[in-house]
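Working notes, beginning with the structure itself.
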Amino acid sequence: MIRVLLIDDDVELATLTADVLKNYSIELDAVHSPSAGFEALEAKKYDLVLLDVMLPEINGLQMCSQIRYSNAPYKDVSIIILTARTELTDMVVGLETGADDYVTKPFEPRELVARINAILRRTRAPDAATQPVSTAAPQPAAPGKSGVAVEITLENDVLQIETQRAQVLVNGTKLETTSMEFELIAALAQRPGEILNRDDLLGEVHGTTVIYSRSIDALIYRLRTKIKEAGAEVDFIRTVRGRGYSLVGQVTTPIQA
């Protein structure tokens, strides 16, 4: 059973959403304020958080940032921002504060389920018994050969990107990445040493050009931070000013994941 936490002060919407998601084997808990949301995250492990932008106490974007950049056990939970706003800047800020995706209100239930499916396919091990019913066309596989890990060494550090398991390891330590973070580093690993500009990377990350190109910079920053926190002494991601980014280091022969 997939466990989702909805943080939204619209009580009626919460009730309706819970009723709908039950049909897709998704268990939904709903709270109506950020403080209650943090209490729920402390008390129970969730696969994903649905987070409304317009909340009392602090707004959803601020809460998203506090979740993502905390040291709490739940800091890597997947997050979908819910917003009634349509301005591009609101969507961009949501992604840059650490959200994995956004859905605008009012939303079609099957669209929401499809977004949840797409994120969780990349952030947890497959489990046929608990996967929701598919509601959308199959998503493209992550870049690279199925089941193959790309290994890159730079000085004394080793970076591995395992495409089938959708995971990144630094010196054997697994990074907790969001779906978009993984898609970005997998795209760079598919063409190591090659400079890819933001527009190139937009086509690989999230499979859409709706994301604002500057959001790529935020994803790069988050990846660099996580790689450094895992103990790497070098920067595997090179910034080429005015051109883009590339993954640097010596690429070994792909190994079986």
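Naming scheme: A, B, ... for chains in displayed order of the structure tokens; residues 1 onward per chain; ligands 1 onward as shown.
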Any idea what's packed within 12 Å of Asn156 (chain A), counting only C-alpha atoms, ignoring anything in its chain fewer than 5 positions away? Could you give it as a PDB file with N, CA and C atoms, in the first residue's frame?
```
ATOM      1  N   VAL A 170      28.169   7.283  -4.316  1.00  0.00           N
ATOM      2  CA  VAL A 170      29.448   7.969  -4.229  1.00  0.00           C
ATOM      3  C   VAL A 170      30.325   7.188  -3.261  1.00  0.00           C
ATOM      4  N   ASN A 171      31.401   6.618  -3.790  1.00  0.00           N
ATOM      5  CA  ASN A 171      32.297   5.792  -2.972  1.00  0.00           C
ATOM      6  C   ASN A 171      31.522   4.718  -2.210  1.00  0.00           C
ATOM      7  N   GLY A 231      30.734  12.491   0.916  1.00  0.00           N
ATOM      8  CA  GLY A 231      32.157  12.318   1.182  1.00  0.00           C
ATOM      9  C   GLY A 231      33.085  12.571   0.018  1.00  0.00           C
ATOM     10  N   ALA A 232      32.540  12.930  -1.137  1.00  0.00           N
ATOM     11  CA  ALA A 232      33.411  13.185  -2.290  1.00  0.00           C
ATOM     12  C   ALA A 232      34.232  14.448  -2.058  1.00  0.00           C
ATOM     13  N   GLU A 233      35.505  14.390  -2.422  1.00  0.00           N
ATOM     14  CA  GLU A 233      36.386  15.551  -2.281  1.00  0.00           C
ATOM     15  C   GLU A 233      36.483  16.350  -3.574  1.00  0.00           C
ATOM     16  N   VAL A 234      35.915  15.811  -4.640  1.00  0.00           N
ATOM     17  CA  VAL A 234      35.990  16.468  -5.943  1.00  0.00           C
ATOM     18  C   VAL A 234      34.584  16.805  -6.425  1.00  0.00           C
ATOM     19  N   ASP A 235      34.516  17.652  -7.448  1.00  0.00           N
ATOM     20  CA  ASP A 235      33.244  18.023  -8.060  1.00  0.00           C
ATOM     21  C   ASP A 235      33.128  17.309  -9.399  1.00  0.00           C
ATOM     22  N   PHE A 236      32.244  16.315  -9.475  1.00  0.00           N
ATOM     23  CA  PHE A 236      32.090  15.550 -10.712  1.00  0.00           C
ATOM     24  C   PHE A 236      31.354  16.342 -11.793  1.00  0.00           C
ATOM     25  N   GLY A 249      35.574  13.126 -15.383  1.00  0.00           N
ATOM     26  CA  GLY A 249      36.241  12.011 -14.737  1.00  0.00           C
ATOM     27  C   GLY A 249      36.514  10.914 -15.750  1.00  0.00           C
ATOM     28  N   GLN A 250      37.176   9.863 -15.313  1.00  0.00           N
ATOM     29  CA  GLN A 250      37.501   8.741 -16.190  1.00  0.00           C
ATOM     30  C   GLN A 250      36.370   7.724 -16.148  1.00  0.00           C
TER      31      GLN A 250
END
```
Q. Which residues in region 4-203 of chain A does DSSP call helix (DSSP H, G or I)? List them as a VMD selection string.
A. chain A and resid 11 to 22 34 to 43 60 to 68 88 to 96 109 to 123 179 to 190 198 to 202
**Q.** Who sits within 7 Å of region 187-199 of chain A, only C-alpha atoms, same chain under 2 positions skipped, as a list in words
**A.** Pro143, Gly144, Val150, Glu183, Leu184, Ile185, Leu201, Leu202, Gly203, Glu204, Ser213, Ile216, Arg243, Gly244, Tyr245, Ser246, Leu247 and Val248 of chain A
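With only C-alpha atoms as the atoms that count, the residue of A:Ser25, A:Ser179, A:Asp19, A:Leu61 with the shortest distance to Asp100 (chain A) is A:Ser179.
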Q) Using only C-alpha atoms, which residue out of A:Glu57, A:Glu151, A:Glu162, A:Val49 lies closest to Tyr102 (chain A)? A)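 Result for the nearest residue to Tyr102 (chain A): A:Val49.
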Q. Please, what distance in Å, to one decimal, runs between CA of Thr178 (chain A) and CA of Ile119 (chain A)?
A.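 Spanning CA of Thr178 (chain A) to CA of Ile119 (chain A) is a straight-line distance of 8.2 Å.
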Q: Name all residues at most 12 Å from region 6-13 of chain A (count only C-alpha atoms; drop same-chain ones fewer than 3 positions away) and give them as a VMD selection string.
A: chain A and resid 3 16 to 21 26 to 41 46 to 61 63 to 64 79 to 84 105 to 107 109
Residues just named, written with N, CA and C atoms as a compact mmCIF listing (two decimals), in the first residue's frame:
```txt
# COMPACT_ATOMS: atom_id res chain seq x y z
N ARG A 3 1.61 5.03 0.83
CA ARG A 3 1.17 5.95 1.88
C ARG A 3 1.49 7.38 1.48
N LEU A 16 -12.45 14.29 -0.48
CA LEU A 16 -12.69 13.78 -1.84
C LEU A 16 -11.46 13.09 -2.40
N THR A 17 -10.28 13.67 -2.17
CA THR A 17 -9.04 13.09 -2.68
C THR A 17 -8.78 11.73 -2.04
N ALA A 18 -9.02 11.62 -0.74
CA ALA A 18 -8.82 10.34 -0.05
C ALA A 18 -9.73 9.26 -0.64
N ASP A 19 -10.99 9.62 -0.90
CA ASP A 19 -11.94 8.66 -1.47
C ASP A 19 -11.49 8.19 -2.85
N VAL A 20 -10.98 9.12 -3.65
CA VAL A 20 -10.54 8.76 -5.00
C VAL A 20 -9.30 7.88 -4.97
N LEU A 21 -8.33 8.25 -4.16
CA LEU A 21 -7.06 7.52 -4.16
C LEU A 21 -7.19 6.10 -3.62
N ILE A 26 -4.01 3.58 -2.79
CA ILE A 26 -3.21 4.62 -2.16
C ILE A 26 -3.89 5.05 -0.86
N GLU A 27 -3.18 4.91 0.24
CA GLU A 27 -3.70 5.30 1.55
C GLU A 27 -3.34 6.76 1.80
N LEU A 28 -4.33 7.59 2.02
CA LEU A 28 -4.09 9.02 2.19
C LEU A 28 -4.42 9.46 3.61
N ASP A 29 -3.46 10.12 4.25
CA ASP A 29 -3.71 10.82 5.50
C ASP A 29 -3.74 12.31 5.18
N ALA A 30 -4.66 13.03 5.77
CA ALA A 30 -4.78 14.46 5.49
C ALA A 30 -4.66 15.27 6.78
N VAL A 31 -3.87 16.34 6.71
CA VAL A 31 -3.79 17.31 7.80
C VAL A 31 -3.97 18.68 7.16
N HIS A 32 -4.21 19.70 7.99
CA HIS A 32 -4.64 20.97 7.43
C HIS A 32 -3.76 22.16 7.80
N SER A 33 -2.56 21.89 8.31
CA SER A 33 -1.63 22.97 8.62
C SER A 33 -0.21 22.44 8.56
N PRO A 34 0.77 23.29 8.34
CA PRO A 34 2.16 22.85 8.32
C PRO A 34 2.60 22.20 9.62
N SER A 35 2.20 22.76 10.76
CA SER A 35 2.62 22.17 12.04
C SER A 35 2.10 20.75 12.18
N ALA A 36 0.85 20.53 11.77
CA ALA A 36 0.29 19.18 11.81
C ALA A 36 1.00 18.28 10.80
N GLY A 37 1.42 18.87 9.68
CA GLY A 37 2.16 18.10 8.68
C GLY A 37 3.48 17.60 9.20
N PHE A 38 4.23 18.47 9.89
CA PHE A 38 5.51 18.06 10.46
C PHE A 38 5.32 16.98 11.53
N GLU A 39 4.26 17.11 12.32
CA GLU A 39 3.97 16.09 13.33
C GLU A 39 3.68 14.74 12.67
N ALA A 40 2.91 14.76 11.58
CA ALA A 40 2.59 13.51 10.88
C ALA A 40 3.85 12.88 10.29
N LEU A 41 4.73 13.69 9.72
CA LEU A 41 5.97 13.18 9.13
C LEU A 41 6.88 12.58 10.18
N TYR A 46 6.05 8.13 5.15
CA TYR A 46 5.22 8.29 3.96
C TYR A 46 6.07 8.14 2.70
N ASP A 47 5.42 7.65 1.63
CA ASP A 47 6.10 7.54 0.35
C ASP A 47 6.13 8.88 -0.37
N LEU A 48 5.12 9.71 -0.12
CA LEU A 48 5.00 10.95 -0.88
C LEU A 48 4.14 11.95 -0.11
N VAL A 49 4.43 13.24 -0.31
CA VAL A 49 3.65 14.31 0.30
C VAL A 49 3.00 15.14 -0.80
N LEU A 50 1.70 15.37 -0.67
CA LEU A 50 0.99 16.32 -1.51
C LEU A 50 0.88 17.61 -0.71
N LEU A 51 1.46 18.68 -1.20
CA LEU A 51 1.63 19.89 -0.40
C LEU A 51 1.01 21.10 -1.10
N ASP A 52 -0.03 21.64 -0.49
CA ASP A 52 -0.69 22.82 -1.06
C ASP A 52 0.19 24.05 -0.86
N VAL A 53 0.12 24.99 -1.80
CA VAL A 53 0.92 26.23 -1.67
C VAL A 53 0.32 27.17 -0.64
N MET A 54 -1.00 27.38 -0.72
CA MET A 54 -1.66 28.35 0.16
C MET A 54 -2.05 27.68 1.47
N LEU A 55 -1.22 27.90 2.50
CA LEU A 55 -1.45 27.29 3.81
C LEU A 55 -1.36 28.33 4.91
N PRO A 56 -1.97 28.07 6.06
CA PRO A 56 -1.76 28.96 7.21
C PRO A 56 -0.36 28.74 7.79
N GLU A 57 0.04 29.60 8.68
CA GLU A 57 1.34 29.50 9.39
C GLU A 57 2.50 29.87 8.46
N ILE A 58 2.84 28.97 7.55
CA ILE A 58 3.81 29.26 6.49
C ILE A 58 3.24 28.70 5.19
N ASN A 59 3.70 29.22 4.05
CA ASN A 59 3.15 28.69 2.81
C ASN A 59 3.83 27.38 2.43
N GLY A 60 3.23 26.69 1.46
CA GLY A 60 3.71 25.37 1.07
C GLY A 60 5.12 25.36 0.51
N LEU A 61 5.51 26.45 -0.16
CA LEU A 61 6.86 26.51 -0.71
C LEU A 61 7.89 26.59 0.41
N MET A 63 7.42 25.39 3.43
CA MET A 63 7.43 24.10 4.08
C MET A 63 8.21 23.08 3.26
N CYS A 64 8.05 23.13 1.95
CA CYS A 64 8.80 22.23 1.07
C CYS A 64 10.30 22.39 1.30
N ILE A 79 7.83 14.86 -3.04
CA ILE A 79 6.89 15.96 -2.81
C ILE A 79 6.26 16.40 -4.12
N ILE A 80 4.94 16.50 -4.14
CA ILE A 80 4.21 17.11 -5.25
C ILE A 80 3.53 18.37 -4.71
N ILE A 81 3.80 19.50 -5.33
CA ILE A 81 3.18 20.76 -4.95
C ILE A 81 1.81 20.87 -5.61
N LEU A 82 0.80 21.25 -4.82
CA LEU A 82 -0.53 21.52 -5.36
C LEU A 82 -0.76 23.02 -5.34
N THR A 83 -1.14 23.58 -6.45
CA THR A 83 -1.34 25.01 -6.50
C THR A 83 -2.49 25.39 -7.41
N ALA A 84 -3.26 26.38 -7.00
CA ALA A 84 -4.32 26.90 -7.85
C ALA A 84 -3.79 27.98 -8.76
N LYS A 105 -4.52 23.04 -9.46
CA LYS A 105 -5.93 22.81 -9.12
C LYS A 105 -6.82 23.60 -10.07
N PRO A 106 -8.00 23.07 -10.37
CA PRO A 106 -8.47 21.72 -10.03
C PRO A 106 -7.77 20.68 -10.88
N PHE A 107 -7.53 19.50 -10.33
CA PHE A 107 -6.81 18.47 -11.08
C PHE A 107 -7.72 17.29 -11.36
N PRO A 109 -8.26 13.46 -11.22
CA PRO A 109 -7.70 12.44 -10.33
C PRO A 109 -6.72 11.49 -11.01
```
Q) Nearest to Met180 (chain A): which of A:Arg110, A:Arg222, A:Lys228, A:Lys22 is it, counting only C-alpha atoms? A) A:Arg222
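The smallest atom-to-atom distance between Ile116 (chain A) and any of A:Leu223, A:Ser65, A:Ile2, A:Ile152, using only C-alpha atoms, is found for A:Ile2.
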**Q.** Selected residue, from A:Ala14, A:Ile227, A:Val240, A:Ala99, that lies nearest to Gln160 (chain A) when counting only C-alpha atoms
**A.** A:Ile227
